[in-house]
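Let me begin by presenting the structure, written as C-alpha cells, before commenting on it.
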2 protein chains.
Amino acid sequence: MSSERRLAKLESVIRHRQPDLTVILENIHDPHNVSAILRSCDAVGIMEVQLVYTTEEFPKLGKKSSASAKKWVDHRNFEGVSECFTKLHNEGYVVYATHLGKRTTPLYELDLTKKVALAFGNEHRGVSDEASELADGNFVIPMFGMIQSLNVSVACAVSLFEAVRQRMLAGRYDTASFDDKEVRKLMRKWATR
Amino acid sequence: MSSERRLAKLESVIRHRQPDLTVILENIHDPHNVSAILRSCDAVGIMEVQLVYTTEEFPKLGKKSSASAKKWVDHRNFEGVSECFTKLHNEGYVVYATHLGKRTTPLYELDLTKKVALAFGNEHRGVSDEASELADGNFVIPMFGMIQSLNVSVACAVSLFEAVRQRMLAGRYDTASFDDKEVRKLMRKWATR
C-alpha cells in the first residue's frame, strides 16, 4: 500500500473508532480465540480491550494475519476483576457480563449505543461469579439448539456486531469521536506501528 | 440427563428449528471453523447445511464438544455450486453470498425472515465467482477496522444471529414449523442419535 493510501486508511479507521465501546477478557486462554476476538474488536472500532488474567497467562499470539489485530487494538492490564470494574465504572462505562444467571437480559434488549463494556470469560468456566456480581447486568445470546454454549470468540463477535447494528442506526459511525487535532495525533502514533 | 429430560430437550429444540434457514459451505477447510459454524447452526435452529466441496475435502471434525453439533445438524452434499443453487432455488430459497463485489448489501438490510440460504466461502479465496453470480444477492458485514476480513466462522455466526434477531422479532421461534405428528417423527429419529 502506498504511504498516501496507508495514511488515508489510518485516518478513516481512526475516525470510525468507538472509544465508548470496549470488552473485558477474563482469563480467555486459547490464542485462536483471543486472536479472533481482537480481529472482531478492530473490525467494530474498539480502541482498547481490558485484560483480567488472574488464573491464566495471556496467550502468546501467532504472527498470522488474524493475530495482527493486536497491533491496532490497545490493551490495559488489571490485577483483578474488582480493580478493572471500578476503573471502568469511574470512567462512566456500564458493564455487562455474559453470565447465565437468574437476572439475565437477552443481548438484543441491551442498549449498546451507551458507553458500554462487555465482559467475556474463560472457555471452560465462563465469567467469574465476582465479575457477574460486580457487573451492572448480565446478558445472554438467545440460543435454541442442543449444544448449550457458543465458542467465546463467536459469542464476542455476535455481541459486538449487535453493537455495530445499533450504532449504525444511531449514526455513530458517521461522525468521528475525536476532533481533527486528536485525529492527527492518533495518526502520528499509529503511523509508526 | 434423565431420559425424560432428554426427550423434553429434544422436543423443545425441534420445535425451535427453522427449516427455512440454511447455510452453504463452499470449500471451508479448517476443522475448527467448520465445527464452530455447525455449533452456530445448531444454536440458531438450522436443520441442515449445504456442502459444496469441489477443491477441498470436507474436514475431519474432532470429538470435542464443539464438534458434536454435527450430530444435530444434517448436511446435504452437492457436486458443484450450480447444482446446489438450482436445488435451493427450486425449493424456494433466496440465496445470498458473502462477496465483496460491486452490488453488495449490508447484512442488516437483508430480510432474513424469508426462506433464505447464506453462502460462505473458503478461508483464503472466499466464495467463488460462480457462487456470487448465481446468488440472488451479495452481502457484506459492515467493518470499520484495519484488518480487511473476519474469520469465516465469526462472519457466519454474526450473520446467523442477525437472522435470530429478526426472527425473534417476527415471532418465528414462538411457533413450531412442524405439526405435532412431524415433531414426534423427528423426536423418534433424533432419540437414536
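Residue names in the C-alpha cells use chain letters A, B, ... in the order shown, residue numbers from 1 in each chain, and ligand numbers from 1 in the order shown.
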
Open item on the list: Excluding region 16-19 of chain A and its own-chain neighbours fewer than 4 positions away, which residues fall within 7 Å of it when counting only C-alpha atoms? Please give them as number ranges by chain.
Closed with: A: 12, 45-47, 173, 176-177; B: 144

Using the selection just defined, write its residues with C-alpha atoms as a compact mmCIF listing (two decimals), in the first residue's frame.
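Once written, result_18.txt looks like this:
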# COMPACT_ATOMS: atom_id res chain seq x y z
CA SER A 12 -10.59 6.55 8.12
CA GLY A 45 -13.85 0.02 16.11
CA ILE A 46 -12.76 -0.87 19.64
CA MET A 47 -9.66 1.12 20.62
CA TYR A 173 -20.05 5.73 12.63
CA ALA A 176 -15.69 10.88 14.44
CA SER A 177 -15.36 10.64 18.21
CA PHE B 144 -14.52 -0.32 10.21

- Task: Find the residues of chain B in contact range of chain A, meaning any atom within 10 Å when counting only C-alpha atoms, and list them as an MDAnalysis selection string.
- Result: chainID B and resid 6 9:10 12:18 32 35:37 39:47 65:69 71:73 107:108 141:151 153:162 164:165 168:169 173

TODO: Name all residues at most 12 Å from Val52 (chain B) (count only C-alpha atoms; drop same-chain ones fewer than 2 positions away) and give them as a PyMOL selection string.
DONE: chain B and resi 23-29+49-50+54-58+75-85+119-122+127-128+131

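Of the residues in region 79-172 of chain A, those that DSSP places in strand (DSSP E) on the basis of the backbone are A:Val94, A:Val95, A:Tyr96, A:Ala97, A:Thr98, A:Thr104, A:Thr105, A:Pro106, A:Val116, A:Ala117, A:Leu118, A:Ala119, A:Phe120, A:Gly121, A:Gly137, A:Asn138, A:Phe139, A:Val140.
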
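Within the 12 Å cut-off around Asp20 (chain B), using only C-alpha atoms and omitting residues fewer than 5 positions from it on the same chain, the listed residues are Val44, Gly45, Ile46, Met47, Glu48, Val49, Leu88, Glu91, Gly92, Tyr93, Val94, Val95, Leu112, Thr113, Lys114, Lys115, Val116, Ala117, Leu118, Ala163, Arg167, Arg172, Ala176, Ser177 and Phe178 of chain B.
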
Can you tell me, as a VMD selection string, which residues in region 20-72 of chain B count as alpha helix (DSSP H) by DSSP? chain B and resid 31 to 44

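Of note, CA of Gly62 (chain A) and CA of Leu38 (chain A) are spaced 12.5 Å apart.
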
Which residues, written as a PDB file with C-alpha atoms, in the first residue's frame, have at least one atom at most 12 Å from Arg103 (chain B), with only C-alpha atoms counted and residues fewer than 3 positions away on the same chain left out?
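Once everything was written out, this is selection-v5.pdb:
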ATOM      1  CA  TYR B  96     -27.190 -14.593  -0.579  1.00  0.00           C
ATOM      2  CA  ALA B  97     -23.416 -14.877  -0.829  1.00  0.00           C
ATOM      3  CA  THR B  98     -20.760 -13.108   1.241  1.00  0.00           C
ATOM      4  CA  HIS B  99     -18.932 -11.439  -1.606  1.00  0.00           C
ATOM      5  CA  LEU B 100     -17.222  -8.076  -1.709  1.00  0.00           C
ATOM      6  CA  PRO B 106     -25.063  -4.583   4.204  1.00  0.00           C
ATOM      7  CA  SER B 132     -21.505 -14.855  -6.281  1.00  0.00           C
ATOM      8  CA  GLU B 133     -23.007 -14.666  -9.768  1.00  0.00           C
ATOM      9  CA  ALA B 135     -26.710 -15.865  -5.900  1.00  0.00           C
ATOM     10  CA  ASP B 136     -29.768 -13.632  -5.726  1.00  0.00           C
ATOM     11  CA  GLY B 137     -27.625 -11.059  -3.983  1.00  0.00           C
ATOM     12  CA  ASN B 138     -24.319 -10.490  -2.252  1.00  0.00           C
ATOM     13  CA  PHE B 139     -23.951  -9.107   1.236  1.00  0.00           C
ATOM     14  CA  VAL B 140     -21.247  -7.782   3.477  1.00  0.00           C
TER      15      VAL B 140
END

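When CA of Lys181 (chain A) is paired with CA of Asn90 (chain A), their separation reads 25.8 Å.
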